[in-house]
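Asks: If it helps, the file is called work-v9.cif and holds mmCIF, C-alpha atoms:
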data_start
loop_
_atom_site.label_atom_id
_atom_site.label_comp_id
_atom_site.auth_asym_id
_atom_site.auth_seq_id
_atom_site.Cartn_x
_atom_site.Cartn_y
_atom_site.Cartn_z
CA MET A 111 -45.82 16.53 -22.69
CA PHE A 112 -48.39 14.16 -21.18
CA ILE A 113 -48.46 16.14 -17.94
CA GLU A 114 -49.04 19.38 -19.82
CA GLN A 115 -52.14 17.85 -21.43
CA ILE A 116 -53.74 17.05 -18.06
CA SER A 117 -56.47 19.53 -17.18
CA ASP A 118 -56.83 21.04 -13.73
CA GLU A 119 -60.03 19.06 -13.10
CA LEU A 120 -58.34 15.79 -14.03
CA ALA A 121 -55.37 16.60 -11.78
CA ILE A 122 -57.72 17.33 -8.87
CA TYR A 123 -59.54 14.06 -9.52
CA PHE A 124 -56.34 11.99 -9.50
CA VAL A 125 -55.13 13.69 -6.31
CA LEU A 126 -58.46 13.01 -4.55
CA TYR A 127 -58.51 9.45 -5.91
CA GLY A 128 -55.03 8.83 -4.51
CA VAL A 129 -55.85 10.49 -1.19
CA SER A 130 -59.04 8.43 -0.86
CA GLY A 131 -57.25 5.14 -1.56
CA THR A 132 -54.42 6.01 0.83
CA ALA A 133 -56.84 7.15 3.55
CA VAL A 134 -58.81 3.89 3.62
CA LEU A 135 -55.56 1.89 3.67
CA ILE A 136 -54.32 3.93 6.65
CA ALA A 137 -57.69 3.38 8.36
CA ALA A 138 -57.33 -0.39 7.86
CA VAL A 139 -53.80 -0.41 9.30
CA TYR A 140 -54.97 1.71 12.23
CA LEU A 141 -57.86 -0.63 13.08
CA LEU A 142 -55.75 -3.78 12.78
CA TRP A 143 -52.60 -2.73 14.63
CA ARG A 144 -53.41 0.12 16.98
CA ARG A 145 -54.64 -1.14 20.34
CA GLY A 146 -55.67 2.22 21.75
CA ASN A 147 -58.56 4.34 20.57
CA ALA A 148 -57.51 7.64 19.01
CA PHE A 149 -61.11 8.89 18.78
CA ALA A 150 -62.47 8.06 22.25
CA ALA A 151 -59.85 6.95 24.78
CA ASP A 152 -62.44 5.63 27.23
CA VAL A 153 -64.27 3.50 24.64
CA THR A 154 -63.32 -0.08 23.75
CA PRO A 155 -65.01 -1.02 20.45
CA PRO A 156 -65.88 -4.66 19.72
CA LEU A 157 -62.88 -6.49 18.25
CA ARG A 158 -65.16 -8.18 15.70
CA LEU A 159 -66.45 -4.81 14.50
CA ARG A 160 -62.91 -3.46 14.17
CA ARG A 161 -61.84 -6.44 12.07
CA TRP A 162 -64.83 -6.24 9.75
CA ALA A 163 -64.31 -2.50 9.26
CA ALA A 164 -60.60 -3.06 8.57
CA SER A 165 -61.45 -5.70 5.96
CA PHE A 166 -63.84 -3.26 4.29
CA PHE A 167 -61.18 -0.54 4.18
CA ILE A 168 -58.69 -3.03 2.68
CA ALA A 169 -61.24 -3.99 0.02
CA ALA A 170 -61.85 -0.29 -0.72
CA ALA A 171 -58.10 0.38 -1.01
CA LEU A 172 -57.63 -2.55 -3.38
CA SER A 173 -60.63 -1.34 -5.38
CA HIS A 174 -58.80 1.93 -6.05
CA VAL A 175 -55.75 0.01 -7.25
CA TRP A 176 -57.38 -2.40 -9.69
CA TRP A 177 -59.72 0.24 -11.18
CA LEU A 178 -56.69 2.45 -11.73
CA PHE A 179 -54.92 -0.38 -13.55
CA PHE A 180 -58.05 -1.06 -15.60
CA TYR A 181 -58.40 2.52 -16.84
CA PHE A 182 -54.69 2.77 -17.59
CA PHE A 183 -54.45 -0.45 -19.60
CA SER A 184 -57.97 -1.17 -20.85
CA ASP A 185 -60.82 1.31 -20.51
CA GLU A 186 -63.16 -0.65 -22.78
CA ILE A 187 -66.61 -0.86 -21.16
CA LEU A 188 -68.22 -4.33 -21.08
CA SER A 189 -64.89 -5.97 -21.88
CA LYS A 190 -64.01 -9.13 -19.94
CA ALA A 191 -61.55 -7.16 -17.83
CA HIS A 192 -64.19 -4.55 -17.01
CA VAL A 193 -66.84 -7.11 -16.03
CA ALA A 194 -64.40 -9.21 -13.98
CA THR A 195 -63.14 -6.12 -12.13
CA ALA A 196 -66.67 -4.86 -11.46
CA VAL A 197 -67.96 -8.22 -10.17
CA PHE A 198 -64.94 -8.82 -7.94
CA ASP A 199 -65.07 -5.26 -6.67
CA CYS A 200 -68.81 -5.52 -6.01
CA THR A 201 -68.68 -8.83 -4.12
CA THR A 202 -65.73 -7.95 -1.87
CA LEU A 203 -67.13 -4.55 -0.94
CA ILE A 204 -70.63 -5.91 -0.29
CA VAL A 205 -69.45 -8.73 1.97
CA THR A 206 -67.19 -6.49 4.05
CA ILE A 207 -69.58 -3.54 4.42
CA VAL A 208 -72.49 -5.82 5.33
CA GLY A 209 -70.29 -7.64 7.85
CA THR A 210 -69.32 -4.28 9.35
CA LEU A 211 -72.90 -3.01 9.61
CA LEU A 212 -74.17 -6.25 11.16
CA ALA A 213 -71.27 -6.25 13.66
CA MET A 214 -72.53 -2.87 14.89
CA LEU A 215 -75.66 -4.63 16.19
CA GLN A 216 -74.51 -6.37 19.36
CA ASP A 217 -77.82 -7.77 20.56
CA ARG A 218 -77.08 -10.98 18.63
CA ARG A 219 -75.03 -12.35 15.77
CA ARG A 220 -76.81 -12.23 12.46
CA PRO A 221 -75.88 -14.78 9.75
CA MET A 222 -73.89 -13.81 6.67
CA TRP A 223 -75.01 -16.71 4.47
CA PRO A 224 -78.06 -14.85 3.02
CA VAL A 225 -75.66 -12.17 1.80
CA MET A 226 -73.40 -14.81 0.23
CA ALA A 227 -76.41 -16.42 -1.42
CA GLY A 228 -77.57 -13.04 -2.71
CA LEU A 229 -74.22 -12.53 -4.44
CA ILE A 230 -74.60 -15.68 -6.56
CA PRO A 231 -76.84 -14.00 -9.21
CA ILE A 232 -74.30 -11.16 -9.48
CA VAL A 233 -71.50 -13.65 -10.17
CA VAL A 234 -73.69 -15.58 -12.64
CA LEU A 235 -74.76 -12.43 -14.51
CA GLY A 236 -71.15 -11.26 -14.52
CA ALA A 237 -70.02 -14.55 -16.07
CA ALA A 238 -72.78 -14.25 -18.69
CA LEU A 239 -71.60 -10.73 -19.53
CA MET A 240 -68.04 -11.98 -19.99
CA VAL A 241 -69.24 -14.67 -22.40
CA SER A 242 -71.70 -12.43 -24.25
CA PRO A 243 -71.35 -8.68 -23.57
CA SER A 244 -74.75 -7.02 -23.56
CA ALA A 245 -76.06 -3.67 -22.35
CA PHE A 246 -79.33 -5.43 -21.50
CA LEU A 247 -77.61 -7.92 -19.17
CA LEU A 248 -75.69 -5.06 -17.60
CA ARG A 249 -78.93 -3.21 -16.84
CA ILE A 250 -80.38 -6.40 -15.28
CA LEU A 251 -77.27 -6.70 -13.11
CA ILE A 252 -77.53 -3.09 -11.95
CA VAL A 253 -81.27 -3.38 -11.24
CA TYR A 254 -80.72 -6.61 -9.27
CA PHE A 255 -77.93 -5.04 -7.24
CA LEU A 256 -79.97 -1.95 -6.39
CA SER A 257 -83.00 -4.10 -5.49
CA ALA A 258 -80.87 -6.26 -3.19
CA TYR A 259 -79.39 -3.10 -1.65
CA LEU A 260 -82.89 -1.73 -1.03
CA LEU A 261 -83.98 -4.98 0.65
CA PHE A 262 -80.91 -4.94 2.85
CA THR A 263 -81.59 -1.33 3.80
CA ILE A 264 -85.10 -2.29 4.92
CA TYR A 265 -83.67 -5.24 6.84
CA MET A 266 -81.13 -2.96 8.57
CA VAL A 267 -83.87 -0.52 9.60
CA VAL A 268 -85.81 -3.37 11.24
CA ALA A 269 -82.65 -4.84 12.81
CA ALA A 270 -81.58 -1.43 14.14
CA ARG A 271 -85.00 -0.97 15.75
CA GLN A 272 -84.65 -4.38 17.43
CA TYR A 273 -81.21 -3.37 18.59
CA GLY A 274 -82.60 -0.12 19.97
CA ARG A 275 -85.21 -2.02 22.00
CA TRP A 276 -82.46 -4.31 23.32
CA LEU A 277 -80.44 -1.28 24.41
CA CYS A 278 -83.41 0.25 26.24
CA ASP A 279 -84.07 -3.06 27.97
CA ASN A 280 -80.49 -3.52 29.17
CA PHE A 281 -78.62 -0.21 29.39
CA ALA A 282 -79.29 3.12 31.07
CA ASP A 283 -76.68 5.20 29.20
CA LEU A 284 -77.18 5.15 25.45
CA GLU A 285 -74.70 7.81 24.31
CA ASN A 286 -72.59 6.54 21.37
CA LYS A 287 -74.47 3.23 21.41
CA ARG A 288 -77.16 3.99 18.87
CA VAL A 289 -76.52 2.87 15.31
CA TRP A 290 -78.82 5.18 13.34
CA LEU A 291 -75.75 6.53 11.54
CA SER A 292 -75.35 3.12 9.92
CA GLN A 293 -78.55 3.91 8.02
CA LEU A 294 -76.92 7.08 6.74
CA LEU A 295 -73.92 5.02 5.64
CA ILE A 296 -76.15 2.59 3.75
CA ILE A 297 -78.08 5.36 1.99
CA GLY A 298 -74.85 7.18 1.17
CA ALA A 299 -73.22 4.05 -0.22
CA MET A 300 -76.34 3.26 -2.25
CA LEU A 301 -76.42 6.73 -3.78
CA LEU A 302 -72.71 6.53 -4.47
CA PHE A 303 -73.07 3.21 -6.27
CA THR A 304 -76.01 4.57 -8.30
CA CYS A 305 -73.82 7.49 -9.39
CA TYR A 306 -70.99 5.14 -10.34
CA ALA A 307 -73.36 2.84 -12.24
CA ASN A 308 -74.64 5.82 -14.25
CA ASP A 309 -71.29 7.54 -14.65
CA ASP A 310 -71.33 9.68 -17.78
CA GLY A 311 -67.62 10.44 -17.67
CA SER A 312 -68.09 13.90 -16.16
CA LEU A 313 -64.97 14.88 -14.21
CA ALA A 314 -66.91 17.21 -11.92
CA LYS A 315 -69.25 14.38 -11.01
CA SER A 316 -66.32 12.02 -10.44
CA ILE A 317 -64.67 14.55 -8.11
CA VAL A 318 -67.87 14.80 -6.06
CA MET A 319 -68.10 11.00 -5.82
CA VAL A 320 -64.48 10.57 -4.66
CA SER A 321 -64.98 13.36 -2.10
CA SER A 322 -68.10 11.54 -0.89
CA GLU A 323 -66.04 8.37 -0.46
CA LEU A 324 -63.68 10.23 1.85
CA VAL A 325 -66.55 11.59 3.95
CA LEU A 326 -68.28 8.20 4.23
CA SER A 327 -65.03 6.46 5.14
CA ALA A 328 -64.28 9.02 7.85
CA LEU A 329 -67.82 8.67 9.21
CA LEU A 330 -67.55 4.88 9.29
CA LEU A 331 -64.20 4.97 11.10
CA TRP A 332 -65.55 7.39 13.70
CA ARG A 333 -68.70 5.29 14.16
CA VAL A 334 -66.68 2.09 14.64
CA GLU A 335 -64.41 3.66 17.26
CA THR A 336 -67.19 5.30 19.28
CA LEU A 337 -69.39 2.20 19.61
CA PRO A 338 -68.47 0.51 22.92
CA GLN A 339 -68.35 -3.21 23.49
CA LEU A 340 -71.66 -4.26 25.03
CA THR A 341 -71.70 -7.67 26.66
CA ILE A 342 -74.41 -9.52 28.53
CA ARG A 343 -72.87 -12.31 30.57
CA LYS A 344 -74.78 -15.42 31.59
CA GLU A 345 -73.20 -16.14 34.98
CA THR A 346 -75.84 -14.15 36.86
CA VAL A 347 -78.55 -16.41 35.45
CA ALA A 348 -76.76 -19.54 36.59
CA LYS A 349 -75.83 -18.03 39.95
CA THR A 350 -79.42 -17.27 40.91
CA ALA A 351 -81.15 -20.23 39.29
CA GLU A 352 -82.66 -21.38 42.60
CA THR A 353 -84.11 -17.94 43.32
CA ILE A 354 -86.17 -17.82 40.13
CA GLY A 355 -88.49 -20.61 41.09
CA THR A 356 -89.49 -19.07 44.44
CA LEU A 357 -89.17 -15.31 44.04
CA ASP A 358 -92.43 -13.44 43.45
CA LEU A 359 -92.39 -10.59 40.95
CA SER A 360 -94.04 -8.38 43.58
CA ALA A 361 -90.88 -8.73 45.68
CA ILE A 362 -88.84 -7.03 42.97
CA GLU A 363 -90.30 -3.62 43.82
CA ARG A 364 -89.26 -3.96 47.46
CA MET A 365 -85.77 -5.09 46.44
CA LEU A 366 -85.44 -2.14 44.05
CA ASP A 367 -86.31 0.26 46.89
CA GLU A 368 -83.81 -1.38 49.24
CA ARG A 369 -80.89 -1.98 46.88
CA CYS A 370 -81.27 0.61 44.12
CA LEU A 371 -83.36 3.57 45.30
CA THR A 372 -82.17 3.91 48.89
CA PRO A 373 -78.41 3.49 48.23
CA GLN A 374 -78.79 5.55 45.03
CA LEU A 375 -77.26 2.82 42.88
CA TYR A 376 -78.92 4.43 39.85
CA LEU A 377 -76.31 7.23 39.98
CA GLN A 378 -73.61 4.80 38.87
CA HIS A 379 -72.44 5.56 35.32
CA ASP A 380 -73.13 2.84 32.71
CA LEU A 381 -75.26 0.84 35.14
CA SER A 382 -76.63 -2.09 33.13
CA LEU A 383 -79.66 -4.28 33.74
CA GLN A 384 -77.34 -7.18 34.46
CA GLN A 385 -75.45 -5.24 37.13
CA LEU A 386 -78.68 -4.15 38.76
CA ALA A 387 -80.01 -7.72 38.70
CA TYR A 388 -76.81 -8.89 40.36
CA ALA A 389 -77.20 -6.27 43.09
CA LEU A 390 -80.78 -7.43 43.67
CA GLY A 391 -79.77 -11.10 43.81
CA THR A 392 -81.94 -12.04 40.83
CA ASN A 393 -81.24 -12.43 37.11
CA ARG A 394 -81.57 -10.21 34.07
CA SER A 395 -84.52 -12.07 32.54
CA TYR A 396 -86.52 -11.97 35.75
CA LEU A 397 -85.91 -8.26 36.23
CA SER A 398 -86.86 -7.62 32.59
CA GLN A 399 -90.20 -9.32 33.24
CA TYR A 400 -90.85 -6.92 36.09
CA PHE A 401 -90.20 -3.82 33.96
CA SER A 402 -92.27 -5.29 31.13
CA ARG A 403 -95.25 -5.72 33.45
CA GLN A 404 -94.84 -2.10 34.51
CA ASN A 405 -95.02 -1.11 30.81
CA ILE A 406 -91.59 0.53 30.98
CA THR A 407 -88.06 -0.35 29.93
CA TYR A 408 -85.01 -0.54 32.15
CA ASN A 409 -83.72 2.62 30.47
CA ILE A 410 -86.89 4.55 31.36
CA TYR A 411 -86.80 3.29 34.96
CA ILE A 412 -83.21 4.40 35.59
CA ASN A 413 -83.59 7.72 33.79
CA ASN A 414 -86.74 8.57 35.75
CA LEU A 415 -84.79 8.08 38.99
CA ARG A 416 -81.91 10.17 37.69
CA ILE A 417 -84.14 13.03 36.54
CA ASN A 418 -85.96 13.00 39.89
CA HIS A 419 -82.55 13.22 41.56
CA PHE A 420 -81.58 16.15 39.35
CA VAL A 421 -84.82 18.00 40.18
CA SER A 422 -84.26 17.42 43.88
CA ARG A 423 -80.62 18.57 43.72
CA TYR A 424 -81.53 21.64 41.66
CA ARG A 425 -84.18 22.76 44.16
CA GLU A 426 -81.72 22.14 46.99
CA VAL A 427 -78.83 24.19 45.55
CA VAL A 428 -81.19 27.03 44.54
CA ALA A 429 -82.76 27.13 48.00
CA THR A 430 -79.36 27.19 49.73
CA LYS A 431 -77.87 29.54 47.08
CA GLN A 432 -74.96 27.22 46.34
CA PRO A 433 -72.91 27.81 43.17
CA PHE A 434 -73.61 25.20 40.50
CA THR A 435 -73.70 24.41 36.81
CA VAL A 436 -76.35 22.34 35.09
CA GLN A 437 -73.62 20.11 33.64
CA GLN A 438 -72.29 19.45 37.13
CA LEU A 439 -75.74 18.51 38.47
CA ALA A 440 -76.36 16.29 35.44
CA ARG A 441 -73.12 14.44 36.12
CA GLU A 442 -74.01 14.08 39.80
CA SER A 443 -77.31 12.59 38.64
CA GLY A 444 -75.58 9.76 36.80
CA TYR A 445 -75.02 11.23 33.32
CA ARG A 446 -71.67 11.37 31.57
CA SER A 447 -73.06 13.19 28.56
CA TYR A 448 -75.07 16.40 28.87
CA SER A 449 -76.79 15.71 25.54
CA THR A 450 -78.02 12.35 26.87
CA PHE A 451 -79.25 14.05 30.05
CA SER A 452 -80.99 16.79 28.07
CA LEU A 453 -82.85 14.27 25.91
CA ALA A 454 -83.83 12.13 28.91
CA PHE A 455 -85.02 15.23 30.79
CA LYS A 456 -87.25 16.36 27.95
CA GLN A 457 -88.74 12.87 27.60
CA ARG A 458 -89.43 12.71 31.35
CA MET A 459 -90.59 16.28 32.01
CA GLY A 460 -92.10 17.21 28.64
CA GLN A 461 -89.96 20.34 28.28
CA SER A 462 -86.32 21.33 27.94
CA VAL A 463 -84.02 21.76 30.94
CA THR A 464 -83.77 25.51 30.32
CA ALA A 465 -87.55 25.97 30.13
CA TRP A 466 -88.10 23.89 33.27
CA MET A 467 -85.47 25.81 35.27
CA ARG A 468 -86.99 29.12 34.19
CA GLN A 469 -90.40 27.92 35.34
CA ALA A 470 -88.98 26.56 38.60
CA SER A 471 -87.25 29.90 39.27
CA ASP A 472 -90.53 31.77 38.78
CA GLU A 473 -92.23 29.49 41.29
CA VAL A 474 -89.55 30.32 43.85
#
Could you render the structure as structure tokens?
Replies:
Amino acid sequence: MFIEQISDELAIYFVLYGVSGTAVLIAAVYLLWRRGNAFAADVTPPLRLRRWAASFFIAAALSHVWWLFFYFFSDEILSKAHVATAVFDCTTLIVTIVGTLLAMLQDRRRPMWPVMAGLIPIVVLGAALMVSPSAFLLRILIVYFLSAYLLFTIYMVVAARQYGRWLCDNFADLENKRVWLSQLLIIGAMLLFTCYANDDGSLAKSIVMVSSELVLSALLLWRVETLPQLTIRKETVAKTAETIGTLDLSAIERMLDERCLTPQLYLQHDLSLQQLAYALGTNRSYLSQYFSRQNITYNIYINNLRINHFVSRYREVVATKQPFTVQQLARESGYRSYSTFSLAFKQRMGQSVTAWMRQASDEV
């Protein structure tokens, strides 16, 4: 009899709710126990990032369980059970998602204590609501949470920009290393929470929100598994400590010609600043100073060499009428990803690869 009274919309909602809760639990198990990478076999994500993401997925799965119990046994808004569930749900999800997003930024470890401190007012307001239920206090709690979320979003934008500069200073290949999608995750989560906080009981709206959870969870899992571990070791600094005091920055240019340009070291995939410094017999910091004085980044330096190599190879194969593909030449020029090559080419030459080749063909 009860089943017959369930509408189609409500049935769809419960199915999606169950699928969403099960999906995040499977994602947590996958991240914790699977050693290989099902998304990108050649990528090894940071272990710390995997663990934080797994903890977030566990918190999300548990959230589905205790909210389900709440609505089955006590759906009274602003009751002690409702407030306790909301506060616990809020704090666990915030801590784990913030930990996950910060772990994506590998330039340095950022502290979690400000986040913990920021949760104290939420716990205090939650306790006050349990003692004296009030719609006014609830609105204050929601406004505080959204304000804190907005501040964190601003912080993440700044931190992601710092991370981007660190990448350009230390790595030549940036495919799957950018974290701009984390901003999309933050905005999506913020909008989702706003919808939940202003839930009017509409089933259609609830279905859209649960569907959005699935999409955001899938995006987060993909982002975690496609971000490679980026490490900057310190042994090169110690190994060349004596060189730093005597080596002139002007000598770096000669060493780059001898040990990078002439042997075409720049064609090596995933060549990092540290590896290049090691090949030159200097350290990462010293080489960074050189690029800084040239008003370029390491990424720009390597990509300029690679694009020049591509141009040279293209003119050569066209002149000798050899069969070729642009993707093949891009790979020969040091690029694993054609999209990365295409972007670097446009930044270097001021036009797309296709437009440049058409112009080059006309000149021939």
Asks: Can you tell me, as a ChimeraX atom specification, what residues are no more than 7 Å from A:Arg394 when counting only C-alpha atoms, ignoring any on the same chain fewer than 5 positions away?
Replies: /A:383-384,387
Asks: Any chance you could resolve the PyMOL selection byres ((chain A and resi 313) around 12) against this file and give the residues as a count of residues only?
Replies: 21
Asks: Need the shell around A:His379: protein/DNA/RNA residues with any atom at most 12 Å away, counting only C-alpha atoms. Skip same-chain ones fewer than 4 positions apart. Format as a PyMOL selection string?
Replies: chain A and resi 281-285+374-375+385+412-413+416+440-447
Asks: Give as a tab-separated table (two decimals) with C-alpha atoms, in the frame of the given file the residues that the PyMOL selection byres ((chain A and resi 143-148) around 12) matches when applied to the coordinates above.
Replies:
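Okay, part_6.tsv is ready:
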chain	number	residue	atom	x	y	z
A	136	ILE	CA	-54.32	3.93	6.65
A	137	ALA	CA	-57.69	3.38	8.36
A	138	ALA	CA	-57.33	-0.39	7.86
A	139	VAL	CA	-53.80	-0.41	9.30
A	140	TYR	CA	-54.97	1.71	12.23
A	141	LEU	CA	-57.86	-0.63	13.08
A	142	LEU	CA	-55.75	-3.78	12.78
A	149	PHE	CA	-61.11	8.89	18.78
A	150	ALA	CA	-62.47	8.06	22.25
A	151	ALA	CA	-59.85	6.95	24.78
A	152	ASP	CA	-62.44	5.63	27.23
A	153	VAL	CA	-64.27	3.50	24.64
A	154	THR	CA	-63.32	-0.08	23.75
A	155	PRO	CA	-65.01	-1.02	20.45
A	156	PRO	CA	-65.88	-4.66	19.72
A	157	LEU	CA	-62.88	-6.49	18.25
A	160	ARG	CA	-62.91	-3.46	14.17
A	161	ARG	CA	-61.84	-6.44	12.07
A	164	ALA	CA	-60.60	-3.06	8.57
A	331	LEU	CA	-64.20	4.97	11.10
A	332	TRP	CA	-65.55	7.39	13.70
A	334	VAL	CA	-66.68	2.09	14.64
A	335	GLU	CA	-64.41	3.66	17.26
A	336	THR	CA	-67.19	5.30	19.28
A	337	LEU	CA	-69.39	2.20	19.61
A	338	PRO	CA	-68.47	0.51	22.92
Asks: Using only C-alpha atoms, which protein or nucleic acid residues come within 10 Å of A:Ala237? Drop anything in the same chain fewer than 6 positions from it, and give the result as a VMD selection string.
Replies: chain A and resid 190 193 to 194 197 231 243
Asks: Name the residues in contact with A:Arg271 at a cut-off of 10 Å, using only C-alpha atoms, excluding same-chain residues fewer than 4 positions from it; report them as a count of residues only.
Replies: 9
Asks: At what distance in Å, to one decimal, does atom CA of A:Gly298 lie from atom CA of A:Phe166?
Replies: 15.5 Å
Asks: How would stretch 425-433 of chain A look with all heavy atoms restored, written as a PDB file, in the frame of the given file?
Replies:
ATOM      1  N   ARG A 425     -83.405  21.997  43.175  1.00  0.00           N
ATOM      2  CA  ARG A 425     -84.180  22.760  44.160  1.00  0.00           C
ATOM      3  C   ARG A 425     -83.354  22.998  45.421  1.00  0.00           C
ATOM      4  O   ARG A 425     -83.440  24.071  46.047  1.00  0.00           O
ATOM      5  CB  ARG A 425     -85.472  22.025  44.496  1.00  0.00           C
ATOM      6  CG  ARG A 425     -86.440  21.902  43.319  1.00  0.00           C
ATOM      7  CD  ARG A 425     -87.764  21.316  43.754  1.00  0.00           C
ATOM      8  NE  ARG A 425     -88.645  21.046  42.635  1.00  0.00           N
ATOM      9  CZ  ARG A 425     -89.379  21.950  41.988  1.00  0.00           C
ATOM     10  NH1 ARG A 425     -89.312  23.227  42.374  1.00  0.00           N
ATOM     11  NH2 ARG A 425     -90.151  21.595  40.978  1.00  0.00           N
ATOM     12  N   GLU A 426     -82.542  22.029  45.779  1.00  0.00           N
ATOM     13  CA  GLU A 426     -81.720  22.140  46.990  1.00  0.00           C
ATOM     14  C   GLU A 426     -80.661  23.231  46.839  1.00  0.00           C
ATOM     15  O   GLU A 426     -80.499  24.078  47.732  1.00  0.00           O
ATOM     16  CB  GLU A 426     -81.059  20.799  47.277  1.00  0.00           C
ATOM     17  CG  GLU A 426     -80.130  20.799  48.498  1.00  0.00           C
ATOM     18  CD  GLU A 426     -79.409  19.473  48.665  1.00  0.00           C
ATOM     19  OE1 GLU A 426     -79.903  18.453  48.146  1.00  0.00           O
ATOM     20  OE2 GLU A 426     -78.341  19.473  49.304  1.00  0.00           O
ATOM     21  N   VAL A 427     -79.910  23.211  45.717  1.00  0.00           N
ATOM     22  CA  VAL A 427     -78.830  24.190  45.550  1.00  0.00           C
ATOM     23  C   VAL A 427     -79.388  25.600  45.347  1.00  0.00           C
ATOM     24  O   VAL A 427     -78.764  26.585  45.763  1.00  0.00           O
ATOM     25  CB  VAL A 427     -77.904  23.801  44.377  1.00  0.00           C
ATOM     26  CG1 VAL A 427     -77.203  22.487  44.658  1.00  0.00           C
ATOM     27  CG2 VAL A 427     -78.653  23.751  43.054  1.00  0.00           C
ATOM     28  N   VAL A 428     -80.567  25.713  44.709  1.00  0.00           N
ATOM     29  CA  VAL A 428     -81.190  27.030  44.540  1.00  0.00           C
ATOM     30  C   VAL A 428     -81.652  27.576  45.881  1.00  0.00           C
ATOM     31  O   VAL A 428     -81.462  28.761  46.187  1.00  0.00           O
ATOM     32  CB  VAL A 428     -82.362  26.948  43.538  1.00  0.00           C
ATOM     33  CG1 VAL A 428     -83.171  28.245  43.565  1.00  0.00           C
ATOM     34  CG2 VAL A 428     -81.850  26.684  42.127  1.00  0.00           C
ATOM     35  N   ALA A 429     -82.252  26.698  46.695  1.00  0.00           N
ATOM     36  CA  ALA A 429     -82.760  27.130  48.000  1.00  0.00           C
ATOM     37  C   ALA A 429     -81.631  27.565  48.927  1.00  0.00           C
ATOM     38  O   ALA A 429     -81.780  28.519  49.702  1.00  0.00           O
ATOM     39  CB  ALA A 429     -83.573  26.009  48.649  1.00  0.00           C
ATOM     40  N   THR A 430     -80.491  26.873  48.849  1.00  0.00           N
ATOM     41  CA  THR A 430     -79.360  27.190  49.730  1.00  0.00           C
ATOM     42  C   THR A 430     -78.370  28.154  49.064  1.00  0.00           C
ATOM     43  O   THR A 430     -77.328  28.473  49.647  1.00  0.00           O
ATOM     44  CB  THR A 430     -78.610  25.901  50.120  1.00  0.00           C
ATOM     45  OG1 THR A 430     -78.211  25.208  48.929  1.00  0.00           O
ATOM     46  CG2 THR A 430     -79.503  25.003  50.955  1.00  0.00           C
ATOM     47  N   LYS A 431     -78.690  28.578  47.816  1.00  0.00           N
ATOM     48  CA  LYS A 431     -77.870  29.540  47.080  1.00  0.00           C
ATOM     49  C   LYS A 431     -76.429  29.067  46.895  1.00  0.00           C
ATOM     50  O   LYS A 431     -75.482  29.844  46.991  1.00  0.00           O
ATOM     51  CB  LYS A 431     -77.901  30.911  47.756  1.00  0.00           C
ATOM     52  CG  LYS A 431     -79.305  31.512  47.812  1.00  0.00           C
ATOM     53  CD  LYS A 431     -79.308  32.897  48.423  1.00  0.00           C
ATOM     54  CE  LYS A 431     -80.722  33.494  48.440  1.00  0.00           C
ATOM     55  NZ  LYS A 431     -80.765  34.851  49.047  1.00  0.00           N
ATOM     56  N   GLN A 432     -76.283  27.781  46.612  1.00  0.00           N
ATOM     57  CA  GLN A 432     -74.960  27.220  46.340  1.00  0.00           C
ATOM     58  C   GLN A 432     -74.596  27.474  44.874  1.00  0.00           C
ATOM     59  O   GLN A 432     -75.468  27.454  44.001  1.00  0.00           O
ATOM     60  CB  GLN A 432     -74.939  25.717  46.610  1.00  0.00           C
ATOM     61  CG  GLN A 432     -75.268  25.325  48.030  1.00  0.00           C
ATOM     62  CD  GLN A 432     -75.310  23.813  48.184  1.00  0.00           C
ATOM     63  OE1 GLN A 432     -74.551  23.087  47.555  1.00  0.00           O
ATOM     64  NE2 GLN A 432     -76.236  23.344  49.015  1.00  0.00           N
ATOM     65  N   PRO A 433     -73.316  27.679  44.574  1.00  0.00           N
ATOM     66  CA  PRO A 433     -72.910  27.810  43.170  1.00  0.00           C
ATOM     67  C   PRO A 433     -73.015  26.455  42.471  1.00  0.00           C
ATOM     68  O   PRO A 433     -72.700  25.410  43.061  1.00  0.00           O
ATOM     69  CB  PRO A 433     -71.446  28.275  43.263  1.00  0.00           C
ATOM     70  CG  PRO A 433     -70.977  27.788  44.602  1.00  0.00           C
ATOM     71  CD  PRO A 433     -72.183  27.842  45.502  1.00  0.00           C
TER      72      PRO A 433
END
